[in-house]
Structure formats: C-alpha cells, structure tokens
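As stored in work_36.csv (CSV, C-alpha atoms):
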chain,number,residue,atom,x,y,z
A,1,MET,CA,57.3,59.2,-41.7
A,2,LYS,CA,54.6,57.1,-43.4
A,3,LYS,CA,54.0,58.3,-47.0
A,4,VAL,CA,50.6,57.4,-48.4
A,5,ALA,CA,49.4,57.3,-52.0
A,6,ILE,CA,45.7,57.2,-52.7
A,7,ILE,CA,44.4,56.6,-56.2
A,8,GLY,CA,41.0,58.1,-56.7
A,9,ALA,CA,39.6,61.3,-55.2
A,10,GLY,CA,36.0,60.2,-54.8
A,11,ALA,CA,34.1,59.7,-51.5
A,12,SER,CA,36.2,56.9,-50.1
A,13,GLY,CA,39.5,58.4,-51.3
A,14,LEU,CA,38.8,61.8,-49.8
A,15,MET,CA,37.7,60.3,-46.5
A,16,CYS,CA,40.9,58.2,-46.3
A,17,ALA,CA,43.1,61.2,-47.2
A,18,ILE,CA,41.6,63.4,-44.6
A,19,ILE,CA,41.8,60.9,-41.7
A,20,CYS,CA,45.4,60.0,-42.6
A,21,ALA,CA,46.4,63.7,-42.9
A,22,LYS,CA,44.7,64.5,-39.6
A,23,HIS,CA,47.2,62.1,-38.0
A,24,SER,CA,50.1,64.0,-39.6
A,25,LEU,CA,50.8,61.4,-42.4
A,26,ARG,CA,52.0,62.7,-45.7
A,27,VAL,CA,49.3,62.0,-48.3
A,28,ASP,CA,49.4,62.3,-52.1
A,29,LEU,CA,46.0,62.0,-53.7
A,30,PHE,CA,45.8,61.1,-57.4
A,31,GLU,CA,42.8,61.8,-59.5
A,32,GLN,CA,42.5,61.1,-63.3
A,33,ASN,CA,40.0,63.9,-63.8
A,34,GLU,CA,40.7,67.6,-63.7
A,35,LYS,CA,38.1,67.9,-61.0
A,36,CYS,CA,37.7,65.7,-57.9
A,37,ALA,CA,34.5,64.1,-56.6
A,38,LYS,CA,32.7,64.0,-59.9
A,39,LYS,CA,30.2,61.3,-58.7
A,40,ILE,CA,29.5,63.3,-55.6
A,41,LEU,CA,28.7,66.3,-57.7
A,42,VAL,CA,26.1,64.5,-59.8
A,43,SER,CA,24.6,62.4,-57.0
A,44,GLY,CA,21.0,62.9,-55.9
A,45,ASN,CA,20.4,65.1,-59.0
A,46,GLY,CA,22.9,67.5,-57.7
A,47,ARG,CA,21.6,67.4,-54.1
A,48,CYS,CA,23.8,64.5,-52.9
A,49,ASN,CA,22.1,61.8,-50.9
A,50,ILE,CA,25.2,61.7,-48.8
A,51,THR,CA,24.4,58.7,-46.6
A,52,ASN,CA,21.6,56.8,-44.8
A,53,THR,CA,21.0,56.6,-41.1
A,54,HIS,CA,20.0,52.9,-41.2
A,55,SER,CA,22.8,51.2,-43.1
A,56,SER,CA,23.1,47.5,-42.4
A,57,VAL,CA,24.4,44.3,-44.0
A,58,HIS,CA,21.0,43.8,-45.5
A,59,ASP,CA,21.3,46.9,-47.7
A,60,PHE,CA,24.3,45.6,-49.7
A,61,PHE,CA,25.0,42.9,-52.3
A,62,SER,CA,28.2,40.9,-52.5
A,63,ASP,CA,29.5,37.4,-53.0
A,64,ASN,CA,30.7,37.8,-49.4
A,65,PRO,CA,27.7,39.6,-47.7
A,66,SER,CA,29.1,39.7,-44.2
A,67,PHE,CA,32.1,41.7,-45.3
A,68,VAL,CA,30.4,45.0,-44.7
A,69,GLU,CA,29.3,44.3,-41.2
A,70,PHE,CA,32.4,45.4,-39.3
A,71,VAL,CA,33.1,48.5,-41.4
A,72,LEU,CA,29.5,49.8,-41.0
A,73,LYS,CA,29.8,49.3,-37.2
A,74,ASN,CA,33.3,50.9,-37.2
A,75,PHE,CA,32.0,54.1,-38.7
A,76,THR,CA,28.3,54.6,-37.9
A,77,PHE,CA,26.0,57.4,-39.0
A,78,GLU,CA,26.6,59.0,-35.7
A,79,ALA,CA,30.4,59.0,-36.3
A,80,PHE,CA,29.9,60.4,-39.8
A,81,GLU,CA,27.6,63.1,-38.5
A,82,ARG,CA,30.3,64.1,-35.9
A,83,PHE,CA,32.9,64.2,-38.7
A,84,THR,CA,30.8,66.4,-41.0
A,85,SER,CA,29.9,68.7,-38.2
A,86,GLU,CA,33.6,69.2,-37.4
A,87,ILE,CA,34.3,70.3,-40.9
A,88,GLY,CA,31.3,72.6,-41.1
A,89,LEU,CA,29.1,70.3,-43.3
A,90,LEU,CA,25.7,70.1,-41.6
A,91,LEU,CA,23.2,67.5,-42.5
A,92,ASP,CA,19.5,67.3,-43.3
A,93,VAL,CA,18.1,63.9,-42.1
A,94,LYS,CA,14.9,62.8,-43.7
A,95,GLU,CA,12.2,60.6,-42.0
A,96,ASP,CA,13.0,57.6,-44.3
A,97,GLY,CA,16.7,57.7,-43.2
A,98,ARG,CA,18.1,59.4,-46.3
A,99,VAL,CA,20.6,62.2,-45.5
A,100,TYR,CA,21.4,65.3,-47.5
A,101,PRO,CA,23.7,68.2,-46.9
A,102,LEU,CA,21.8,71.1,-45.3
A,103,SER,CA,22.8,73.2,-48.2
A,104,ASN,CA,20.9,70.8,-50.5
A,105,GLU,CA,23.8,71.1,-52.9
A,106,ALA,CA,26.3,68.4,-53.9
A,107,LYS,CA,28.8,71.1,-54.8
A,108,SER,CA,29.1,72.2,-51.2
A,109,VAL,CA,30.0,68.6,-50.2
A,110,ALA,CA,32.8,68.3,-52.7
A,111,LEU,CA,34.1,71.8,-52.0
A,112,ILE,CA,34.3,71.4,-48.2
A,113,LEU,CA,35.9,67.9,-48.4
A,114,GLN,CA,38.6,69.1,-50.8
A,115,ASP,CA,39.4,72.4,-49.0
A,116,TYR,CA,39.6,70.6,-45.7
A,117,ALA,CA,41.9,68.0,-47.1
A,118,LYS,CA,44.1,70.7,-48.6
A,119,SER,CA,44.2,72.5,-45.3
A,120,LEU,CA,45.6,69.4,-43.7
A,121,GLY,CA,48.4,69.2,-46.2
A,122,VAL,CA,47.0,66.6,-48.6
A,123,VAL,CA,48.7,67.1,-52.0
A,124,PHE,CA,46.3,66.7,-54.9
A,125,HIS,CA,47.5,65.4,-58.2
A,126,THR,CA,44.6,66.1,-60.6
A,127,ALA,CA,44.5,65.2,-64.3
A,128,THR,CA,46.9,62.4,-63.3
A,129,LYS,CA,46.0,59.0,-64.5
A,130,ILE,CA,47.9,56.2,-62.9
A,131,SER,CA,48.7,53.5,-65.5
A,132,SER,CA,50.4,50.9,-63.3
A,133,VAL,CA,51.6,50.3,-59.7
A,134,GLN,CA,54.6,48.3,-58.4
A,135,HIS,CA,55.9,47.2,-55.0
A,136,ASN,CA,59.7,46.8,-54.5
A,137,ASN,CA,61.8,46.9,-51.4
A,138,LYS,CA,58.7,47.5,-49.1
A,139,LEU,CA,57.8,50.6,-51.1
A,140,PHE,CA,55.1,51.3,-53.7
A,141,THR,CA,55.8,53.2,-57.0
A,142,LEU,CA,53.0,54.7,-59.2
A,143,HIS,CA,53.5,55.2,-62.9
A,144,THR,CA,51.8,57.4,-65.4
A,145,ASN,CA,52.6,57.5,-69.1
A,146,GLU,CA,55.0,60.4,-68.5
A,147,LYS,CA,56.4,60.0,-65.0
A,148,SER,CA,56.7,58.0,-61.8
A,149,PHE,CA,55.9,58.7,-58.2
A,150,THR,CA,58.0,56.8,-55.7
A,151,ASN,CA,58.7,55.7,-52.2
A,152,TYR,CA,55.2,55.3,-50.7
A,153,SER,CA,55.0,53.1,-47.7
A,154,HIS,CA,51.2,52.6,-48.1
A,155,LEU,CA,49.0,52.5,-51.2
A,156,VAL,CA,45.2,52.9,-51.2
A,157,VAL,CA,43.2,52.0,-54.3
A,158,ALA,CA,39.9,54.0,-54.3
A,159,THR,CA,39.4,54.1,-58.0
A,160,GLY,CA,35.7,53.3,-58.1
A,161,SER,CA,34.2,51.1,-60.8
A,162,GLN,CA,33.2,51.0,-64.5
A,163,ALA,CA,29.9,52.8,-63.7
A,164,ALA,CA,29.4,56.3,-65.1
A,165,SER,CA,32.2,56.0,-67.6
A,166,HIS,CA,31.4,59.6,-68.8
A,167,LEU,CA,32.6,60.7,-65.4
A,168,GLY,CA,35.8,58.6,-65.6
A,169,GLY,CA,34.5,55.3,-64.4
A,170,ASN,CA,36.8,52.4,-65.4
A,171,ASP,CA,38.3,49.1,-64.3
A,172,ASP,CA,41.8,50.5,-63.4
A,173,GLY,CA,41.4,49.5,-59.8
A,174,HIS,CA,40.7,45.9,-60.8
A,175,ILE,CA,43.7,45.9,-63.1
A,176,PHE,CA,45.9,47.1,-60.2
A,177,ALA,CA,44.4,44.4,-57.9
A,178,LYS,CA,45.1,41.7,-60.5
A,179,SER,CA,48.7,42.8,-60.6
A,180,PHE,CA,49.0,41.8,-56.9
A,181,GLY,CA,47.3,38.5,-57.5
A,182,HIS,CA,43.7,39.4,-56.5
A,183,ASN,CA,40.6,37.8,-58.0
A,184,ILE,CA,37.9,40.0,-59.5
A,185,VAL,CA,34.3,39.0,-59.1
A,186,ALA,CA,32.4,39.6,-62.4
A,187,THR,CA,31.2,43.1,-62.6
A,188,TYR,CA,27.7,44.3,-63.7
A,189,PRO,CA,25.8,47.6,-63.9
A,190,SER,CA,23.5,48.4,-60.9
A,191,LEU,CA,21.1,51.2,-60.2
A,192,VAL,CA,20.6,51.3,-63.9
A,193,GLN,CA,17.8,51.5,-66.4
A,194,LEU,CA,16.5,48.5,-68.3
A,195,HIS,CA,15.9,47.6,-71.9
A,196,LEU,CA,12.7,45.9,-73.0
A,197,ASN,CA,11.8,43.5,-75.8
A,198,SER,CA,8.9,45.6,-77.1
A,199,SER,CA,8.0,48.4,-79.5
A,200,ILE,CA,5.6,49.8,-77.0
A,201,HIS,CA,8.0,51.7,-74.8
A,202,SER,CA,9.3,53.9,-77.6
A,203,LYS,CA,5.7,55.0,-78.5
A,204,ILE,CA,5.2,56.3,-75.0
A,205,SER,CA,8.7,57.6,-74.4
A,206,GLY,CA,8.6,60.4,-71.8
A,207,ALA,CA,5.4,59.2,-70.1
A,208,LYS,CA,5.7,58.8,-66.4
A,209,VAL,CA,3.6,57.2,-63.6
A,210,ASP,CA,3.8,56.6,-59.9
A,211,GLY,CA,3.4,52.9,-60.0
A,212,GLU,CA,4.7,49.5,-58.9
A,213,ILE,CA,7.1,47.2,-60.7
A,214,THR,CA,7.6,43.5,-60.0
A,215,LEU,CA,10.6,41.5,-61.2
A,216,LEU,CA,10.1,38.0,-62.5
A,217,LEU,CA,13.0,35.6,-62.7
A,218,ASN,CA,12.3,32.4,-64.7
A,219,ALA,CA,8.6,33.2,-64.3
A,220,LYS,CA,8.8,33.5,-60.5
A,221,LYS,CA,8.2,36.7,-58.6
A,222,GLU,CA,11.5,38.0,-57.1
A,223,LEU,CA,10.8,41.4,-55.7
A,224,SER,CA,8.6,44.5,-56.1
A,225,SER,CA,9.2,48.2,-55.8
A,226,LYS,CA,6.9,51.3,-55.8
A,227,GLY,CA,7.9,54.7,-57.1
A,228,ASP,CA,8.1,56.6,-60.3
A,229,ILE,CA,8.3,54.6,-63.6
A,230,LEU,CA,9.4,56.4,-66.8
A,231,PHE,CA,9.1,55.0,-70.2
A,232,THR,CA,12.0,55.8,-72.6
A,233,ASN,CA,13.1,55.1,-76.2
A,234,TYR,CA,15.3,52.2,-75.0
A,235,GLY,CA,13.0,50.8,-72.3
A,236,ILE,CA,12.2,51.9,-68.8
A,237,SER,CA,13.7,54.1,-66.1
A,238,GLY,CA,12.7,55.7,-62.8
A,239,PHE,CA,13.4,55.0,-59.1
A,240,ALA,CA,11.2,51.9,-59.0
A,241,VAL,CA,13.2,50.5,-61.9
A,242,LEU,CA,16.6,51.3,-60.3
A,243,ASP,CA,15.5,49.5,-57.1
A,244,ILE,CA,15.1,46.2,-58.9
A,245,SER,CA,17.9,46.7,-61.4
A,246,GLN,CA,20.7,45.0,-59.3
A,247,ARG,CA,18.9,41.7,-59.2
A,248,ALA,CA,17.8,42.0,-62.8
A,249,SER,CA,21.4,42.8,-63.9
A,250,VAL,CA,22.8,39.7,-62.1
A,251,ALA,CA,20.1,37.5,-63.6
A,252,LEU,CA,20.8,38.8,-67.1
A,253,MET,CA,24.5,38.2,-66.6
A,254,ASN,CA,23.6,34.6,-65.6
A,255,TYR,CA,21.3,34.2,-68.7
A,256,GLU,CA,18.1,33.8,-66.7
A,257,CYS,CA,14.7,34.7,-68.1
A,258,VAL,CA,13.9,38.2,-66.9
A,259,ASP,CA,10.5,39.9,-67.1
A,260,ILE,CA,8.8,42.8,-65.3
A,261,ILE,CA,5.1,43.4,-64.5
A,262,ILE,CA,4.1,47.0,-64.3
A,263,ASN,CA,1.1,48.1,-62.1
A,264,LEU,CA,0.1,51.5,-63.3
A,265,LEU,CA,-2.4,52.0,-60.5
A,266,PRO,CA,-1.2,50.2,-57.4
A,267,LYS,CA,-3.6,52.1,-55.1
A,268,PHE,CA,-6.5,50.4,-56.7
A,269,SER,CA,-7.7,46.7,-56.9
A,270,SER,CA,-8.4,45.1,-60.2
A,271,GLN,CA,-12.0,44.6,-59.2
A,272,LYS,CA,-12.3,48.3,-58.2
A,273,LEU,CA,-11.0,49.4,-61.6
A,274,SER,CA,-13.3,47.1,-63.5
A,275,SER,CA,-16.3,48.3,-61.5
A,276,HIS,CA,-15.2,51.9,-62.2
A,277,LEU,CA,-15.3,51.4,-65.9
A,278,GLN,CA,-18.6,49.6,-65.7
A,279,ASN,CA,-20.2,52.3,-63.6
A,280,LEU,CA,-19.0,54.9,-66.1
A,281,ALA,CA,-20.6,52.9,-68.9
A,282,LYS,CA,-23.9,53.3,-67.1
A,283,THR,CA,-23.7,57.0,-66.4
A,284,LEU,CA,-21.7,58.1,-69.5
A,285,PRO,CA,-22.3,55.5,-72.1
A,286,LYS,CA,-21.0,57.6,-75.0
A,287,LEU,CA,-17.7,58.4,-73.3
A,288,THR,CA,-14.8,56.7,-75.1
A,289,LEU,CA,-12.4,54.3,-73.4
A,290,LEU,CA,-9.6,56.7,-74.0
A,291,ASP,CA,-11.5,59.4,-72.1
A,292,ALA,CA,-12.2,57.0,-69.3
A,293,LEU,CA,-8.6,56.0,-68.9
A,294,ALA,CA,-7.4,59.6,-69.3
A,295,GLY,CA,-8.8,60.2,-65.9
A,296,LEU,CA,-6.5,57.5,-64.5
A,297,ILE,CA,-3.3,57.5,-66.4
A,298,PRO,CA,-1.4,59.7,-68.9
A,299,ILE,CA,-3.2,59.8,-72.3
A,300,LYS,CA,-0.2,58.6,-74.2
A,301,ILE,CA,0.0,55.5,-72.1
A,302,ALA,CA,-3.7,54.9,-72.2
A,303,THR,CA,-3.8,55.0,-76.0
A,304,VAL,CA,-0.9,52.5,-76.4
A,305,LEU,CA,-2.2,50.2,-73.6
A,306,LEU,CA,-5.6,49.8,-75.3
A,307,GLN,CA,-3.9,49.2,-78.7
A,308,SER,CA,-1.7,46.6,-77.1
A,309,ILE,CA,-4.7,44.5,-76.1
A,310,SER,CA,-6.4,45.1,-79.5
A,311,ILE,CA,-9.1,47.5,-78.2
A,312,ALA,CA,-9.7,50.7,-80.2
A,313,PRO,CA,-9.2,53.8,-78.0
A,314,GLN,CA,-12.3,55.5,-79.4
A,315,THR,CA,-14.6,52.6,-78.4
A,316,GLN,CA,-17.5,54.0,-76.5
A,317,LEU,CA,-18.2,52.6,-73.0
A,318,LYS,CA,-21.7,51.5,-74.0
A,319,ASP,CA,-20.1,49.0,-76.3
A,320,ILE,CA,-17.8,47.2,-73.8
A,321,HIS,CA,-18.8,44.1,-71.8
A,322,THR,CA,-17.8,43.0,-68.3
A,323,LYS,CA,-15.1,40.8,-69.8
A,324,THR,CA,-13.6,43.7,-71.6
A,325,ALA,CA,-13.6,45.9,-68.5
A,326,LYS,CA,-11.9,43.2,-66.5
A,327,LYS,CA,-9.3,42.7,-69.3
A,328,ILE,CA,-8.5,46.4,-69.3
A,329,ALA,CA,-8.3,46.5,-65.5
A,330,ASN,CA,-6.0,43.5,-65.5
A,331,THR,CA,-3.7,45.1,-68.0
A,332,LEU,CA,-3.5,48.3,-66.0
A,333,GLN,CA,-2.1,46.3,-63.1
A,334,ASN,CA,-0.3,43.5,-64.8
A,335,TRP,CA,1.4,44.9,-67.9
A,336,LYS,CA,4.1,42.4,-68.7
A,337,PHE,CA,7.4,43.0,-70.6
A,338,GLU,CA,10.5,41.0,-71.2
A,339,VAL,CA,13.8,42.6,-70.1
A,340,THR,CA,16.6,42.1,-72.6
A,341,ASP,CA,19.5,44.1,-71.1
A,342,THR,CA,20.5,47.0,-68.9
A,343,HIS,CA,21.3,50.4,-70.2
A,344,GLY,CA,25.0,49.7,-69.5
A,345,PHE,CA,27.8,50.8,-67.3
A,346,ARG,CA,27.8,54.3,-68.7
A,347,HIS,CA,24.4,55.0,-67.4
A,348,ALA,CA,24.7,53.0,-64.2
A,349,GLU,CA,25.0,54.9,-60.9
A,350,VAL,CA,27.2,52.1,-59.4
A,351,SER,CA,28.6,48.7,-60.3
A,352,GLY,CA,28.4,45.4,-58.6
A,353,GLY,CA,31.2,42.9,-58.5
A,354,GLY,CA,34.8,44.0,-58.1
A,355,VAL,CA,37.8,43.0,-55.9
A,356,ASP,CA,37.0,39.8,-54.1
A,357,THR,CA,36.4,40.7,-50.5
A,358,THR,CA,37.4,37.3,-49.2
A,359,GLU,CA,41.0,38.5,-50.0
A,360,ILE,CA,40.6,41.7,-48.0
A,361,ASP,CA,40.7,42.1,-44.2
A,362,PRO,CA,37.3,43.5,-43.3
A,363,LYS,CA,38.7,45.2,-40.2
A,364,SER,CA,41.3,47.2,-42.0
A,365,MET,CA,40.6,47.1,-45.8
A,366,GLN,CA,44.1,45.8,-46.2
A,367,SER,CA,44.9,43.2,-48.9
A,368,LEU,CA,45.6,39.7,-47.6
A,369,LYS,CA,48.0,39.3,-50.5
A,370,GLN,CA,50.1,42.4,-50.2
A,371,LYS,CA,51.0,44.2,-46.9
A,372,HIS,CA,50.2,47.9,-46.8
A,373,LEU,CA,48.0,47.7,-49.9
A,374,TYR,CA,44.4,48.8,-49.2
A,375,PHE,CA,41.1,48.9,-51.2
A,376,CYS,CA,38.0,50.9,-50.3
A,377,GLY,CA,34.8,52.1,-51.9
A,378,GLU,CA,33.2,50.8,-55.1
A,379,VAL,CA,36.3,49.1,-56.4
A,380,LEU,CA,35.4,46.3,-54.0
A,381,ASP,CA,32.7,43.6,-54.6
A,382,VAL,CA,30.2,45.6,-52.5
A,383,VAL,CA,27.2,47.4,-54.0
A,384,GLY,CA,24.3,49.0,-52.0
A,385,ARG,CA,20.7,49.8,-52.5
A,386,ARG,CA,19.5,53.2,-53.7
A,387,GLY,CA,19.2,55.7,-50.9
A,388,GLY,CA,22.7,56.8,-49.8
A,389,PHE,CA,23.9,53.3,-48.9
A,390,ASN,CA,26.8,53.3,-51.4
A,391,PHE,CA,28.1,56.5,-50.0
A,392,ALA,CA,27.7,55.1,-46.5
A,393,PHE,CA,30.0,52.2,-47.4
A,394,ALA,CA,32.4,54.6,-49.2
A,395,TRP,CA,32.9,56.8,-46.2
A,396,ALA,CA,33.1,53.9,-43.8
A,397,SER,CA,35.6,51.9,-45.8
A,398,GLY,CA,37.8,54.9,-46.5
A,399,TYR,CA,37.8,55.7,-42.8
A,400,THR,CA,38.6,52.1,-41.8
A,401,ALA,CA,41.5,52.0,-44.3
A,402,ALA,CA,42.9,55.3,-42.9
A,403,LYS,CA,42.7,54.2,-39.3
A,404,SER,CA,44.5,51.0,-40.1
A,405,ILE,CA,47.3,52.9,-41.9
A,406,VAL,CA,47.6,55.3,-39.0
A,407,ASN,CA,47.9,52.4,-36.6
A,408,SER,CA,50.2,50.2,-38.7

Transcribe the structure of this file into structure tokens.
Amino acid sequence: MKKVAIIGAGASGLMCAIICAKHSLRVDLFEQNEKCAKKILVSGNGRCNITNTHSSVHDFFSDNPSFVEFVLKNFTFEAFERFTSEIGLLLDVKEDGRVYPLSNEAKSVALILQDYAKSLGVVFHTATKISSVQHNNKLFTLHTNEKSFTNYSHLVVATGSQAASHLGGNDDGHIFAKSFGHNIVATYPSLVQLHLNSSIHSKISGAKVDGEITLLLNAKKELSSKGDILFTNYGISGFAVLDISQRASVALMNYECVDIIINLLPKFSSQKLSSHLQNLAKTLPKLTLLDALAGLIPIKIATVLLQSISIAPQTQLKDIHTKTAKKIANTLQNWKFEVTDTHGFRHAEVSGGGVDTTEIDPKSMQSLKQKHLYFCGEVLDVVGRRGGFNFAFAWASGYTAAKSIVNS
C-alpha cells in the first residue's frame, strides 16, 4: 500500500490528505503547531474568504506565470463547490466572486476539514516539527529532533511560506526543496502593509478613508486600487494598500524608487473640490479651512494635510485665494509619499517567491528532480491577489498532487 507523508496541515495539505485518504491510501499529516489550519482560522478577519469563483492565470504572480493554468482548470470552483457540499460545508458566493462559508466563520472550515480527514483515517501528528527529510531505497524518511518517521512511498511538502511567522510561517519547505536540488526564487512579503518616509503618518495614526492609492515605480504610474486606506504609526495599511503591495514589495527588493499617491476623495474631481471651497468662501467667509475640510475628510487628516502644505488650519475661507483652493484640492487628490519598506513577513498575509515552478510538473505538482516528491500551496513560487485567490490555488494544487499520487 502507498504510504503518504504530508508536511503542513494548512489548506493545501488538508486537501491533499483528504483526497489521498478517500482513495484508501495511508496518510500521515505532520503539523508543527498544536492546532492545524491556523491561517485558515485568521483569514478574512475570521470569516475565511475561502476561494474565488473567477480564478485565472491573471490573478497570480510568479516567475513562471503559466504554471497555474492547468491546476486551476483541473480543480475549478465548480469542483471545489461539489467537494465542500459533499463534506457539509456550504458556501456563500458574493457578487464580486468572493466566496465565504455559509456559516461566515473560519472555525467551521477548519473543523469540518480536520474532522472529515480524521474520519477517513488520516493520522494527524500535531506539535511535530520536521527538521529534515531524506530519500533512500525509494522511500522517504522524516526527522524531528527527537525521532524519525520512515518508509513513506510519497512525500508532499505543503509547509507554506515565511508569511505570518507568528502563526508558524517559515522557510522549512524551501530548505527541504534545496536538499533535493531545487532552486528557490527570492521570497518577499505580499498582501502586506507599507512603511513611509514621512513623519505625517504617525500624526494621523488610526485615521481611515475610503480612497484610491496609486503606485509609482521610478516616477511612472504602475497601478491603482480603490478601497479603505488606514494610516498607522509605521506607515499605511488597508485593503487598497494590500492590493498594490505585491508589486511594491518586488520593486523594493529590486531597489527601485517606490512612491504612492493617495486620493482622499476619488469621487470628486480636483476642479469640483476647488469650486466647493471657493463657493463656501462666498457663503460662509468666516468658516475656517479646518471646518470646511472636516465636512469632507476626518478632522485628524484635515489638520495634518493643511500643515503639510504650510497652511494654518484656522485660516478663514475669506482669506484664501483661488490658487490656495486649487492647492488644497490638488493635495486632497495627489498626496504623495515615498515608500521605504514593507511591514515584513510577520505581518504579510502571504509570500511571493518560493520553490521554482519550472522544476515542478504543473499537471501533477511532482518534483522534476525527485520522483514521488510533491509541492503544493504557498511553498511554491505562486502568489495570488487579495480576494480568495491564494486559497483557490492551495485547494487546487493540493487536489492535483493527491490525484497524481493516487494514480502513480
């Protein structure tokens, strides 16, 4: 009988274990944490954005972009929905393609997957950190600091990445891959907050707007994203920031010049904002600029924004000229900051880079360097956009690896 070892009990590891066990294979699942599926538990602020209905090659970043094409077609959203329905995990599909468990609770996802895997006979080894792996006489051996686990015909590395180190994220999988001769594409934090070269952000820490952020690389516009923007002690956060962070992180790693432009009021034109201030000056001449902006943006931001362009917040509207109104309007929509760093792997939701996918068979997830060695999930050089795409790849790659093992 085939005996399968899977290192990592996250999304891809659990999926792989379940499919293998459904086909009566013996499966040992190793997890370094005392609890499995920690990243599932915290995803979507505890709600778990479990997948996306519209996953395609365009939603992922890799040095080898076409790698994800087969695996996504091999395990589509419809296939995933059938799988979850079979195990009693019903889904709530949103209009924008994001998918959540009907329970709206990440805990239910982790519980159902683990209990179903156990019902199939999967043996869980929690609080068991694998330190090294070996292959001798066509069999794999896994070592911890205290003991060894032997005689596995197939090994699946589903260890994740360095992201979210407080949840156990590390580069163990990359170390295992290197031991079999695999190349590792340089890793970087993704879906992560950004640090700014400014003293402004700390003064408005906690302030939040629904705005638009544009990424500039070497002074050229790269991409923009709308959504919430949150100022913090270290820099800037929010969904709009996470959406541009992958490209910003790569650029920083390559020592490019990285800047952002924040549009605090994307629903208005600069001309309309300027006219608004000038009209207020006619009808309410004694109103202060701070009072005028307080009707548009949070007071904390308004105060600091005016100070940043050397205008006193208590200046009355009767004392401003057309040029000043235009200057304020322009700053509201083109507030520029230099990006100096990301907030690091610890705070990143996912990681880019990883095991070089040109050395992996995309139709099986099997290593091209070592027979019966498989990689799936975030350990690979594949990272998705925000919105359930990383989970989509995790489920699909875990499924694809399992089916290959079953048919080998």

(request) In Å, rounded to a single decimal, give me how far CA of Ser245 (chain A) is from CA of Gly344 (chain A). (result) 11.2 Å

Show me, as a Markdown table, the residues of region 321-379 of chain A having an atom within 12 Å of region 8-22 of chain A, each with the closest atom pair and its distance in Å, using all atoms listed in the file.
| residue | atom | partner | partner_atom | distance |
| --- | --- | --- | --- | --- |
| A:Ser364 | CA | A:Cys16 | CA | 11.8 |
| A:Met365 | CA | A:Cys16 | CA | 11.1 |
| A:Tyr374 | CA | A:Cys16 | CA | 10.4 |
| A:Phe375 | CA | A:Ser12 | CA | 9.4 |
| A:Cys376 | CA | A:Ser12 | CA | 6.3 |
| A:Gly377 | CA | A:Ser12 | CA | 5.3 |
| A:Glu378 | CA | A:Ser12 | CA | 8.4 |
| A:Val379 | CA | A:Ser12 | CA | 10.0 |

(request) Counting all atoms listed in the file, write as a PyMOL selection string all protein and nucleic acid residues lying at most 8 Å from (21.6, 62.6, -50.8) in the file's frame. (result) chain A and resi 43-44+47-51+98-101+387-388

(request) Kindly indicate which residue among A:Lys267, A:His343, A:Lys147, A:Lys300 lies nearest to Gly235 (chain A), using all atoms listed in the file for the distances. (result)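 The answer is A:His343, which sits nearest to Gly235 (chain A).
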
(message) Counting only C-alpha atoms, which residue out of A:Ile87, A:His154, A:Ser66, A:Gly160 sits closest to Ser408 (chain A)?
(response)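 Closest to Ser408 (chain A) of all the choices is A:His154.
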
Set out as CSV a contact list for region 286-312 of chain A and region 208-212 of chain A with a cut-off of 12 Å, giving each residue of region 286-312 of chain A that qualifies its closest atom pair and distance in Å to one decimal, counting all atoms listed in the file, ordered by chain and rising residue number.
residue,atom,partner,partner_atom,distance
A:Leu296,CA,A:Val209,CA,10.1
A:Ile297,CA,A:Val209,CA,7.5
A:Pro298,CA,A:Lys208,CA,7.6
A:Ile299,CA,A:Lys208,CA,10.7
A:Lys300,CA,A:Lys208,CA,9.8
A:Ile301,CA,A:Lys208,CA,8.7
A:Ala302,CA,A:Val209,CA,11.5

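Relative to CA of Val71 (chain A), CA of Thr400 (chain A) is found at 6.6 Å.
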
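One distance worth recording is that between CA of Gly206 (chain A) and CA of Tyr234 (chain A), which is 11.1 Å.
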
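When only C-alpha atoms are used to compute distances to Leu194 (chain A), the closest of the residues A:Asp171, A:Glu95, A:Asp243, A:Glu78 turns out to be A:Asp243.
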
(message) Measuring between all atoms listed in the file, which one of A:Gln271, A:Gln114, A:Ser202, A:Ser310 shows the shortest distance to Cys36 (chain A)?
(response) A:Gln114

Dump as JSON lines the rows for residues of region 53-152 of chain A within 10 Å of region 31-34 of chain A: closest atom pair and distance in Å with one decimal, all atoms listed in the file counted, ordered by chain and rising residue number.
{"residue": "A:Phe124", "atom": "CA", "partner": "A:Glu31", "partner_atom": "CA", "distance": 7.6}
{"residue": "A:His125", "atom": "CA", "partner": "A:Glu31", "partner_atom": "CA", "distance": 6.1}
{"residue": "A:Thr126", "atom": "CA", "partner": "A:Glu31", "partner_atom": "CA", "distance": 4.8}
{"residue": "A:Ala127", "atom": "CA", "partner": "A:Glu34", "partner_atom": "CA", "distance": 4.5}
{"residue": "A:Thr128", "atom": "CA", "partner": "A:Gln32", "partner_atom": "CA", "distance": 4.6}
{"residue": "A:Lys129", "atom": "CA", "partner": "A:Gln32", "partner_atom": "CA", "distance": 4.3}
{"residue": "A:Ile130", "atom": "CA", "partner": "A:Gln32", "partner_atom": "CA", "distance": 7.3}

(message) I need the residue nearest Leu142 (chain A) from this list: A:Ala5, A:Leu215, A:Ile244, A:Ile112. Use all atoms listed in the file for the distance.
(response)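 Ranked by minimum distance to Leu142 (chain A), first place goes to A:Ala5.
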
(message) From the options A:Arg26, A:Lys363, A:Lys220, A:Arg386, which residue's atoms come nearest to Asn74 (chain A), counting only C-alpha atoms?
(response)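 Result for the nearest residue to Asn74 (chain A): A:Lys363.
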
(request) May I have the residues within 10 Å of Leu111 (chain A) as a ChimeraX atom specification, using all atoms listed in the file and disregarding those fewer than 4 positions away in the same chain? (result) /A:36-37,41,106-107,115-117

(message) I'd like the neighbourhood of Lys3 (chain A) as a PyMOL selection string, where a residue qualifies if any of its atoms comes within 9 Å (using all atoms listed in the file), though same-chain residues fewer than 3 positions away should be ignored.
(response) chain A and resi 25-28+151-155
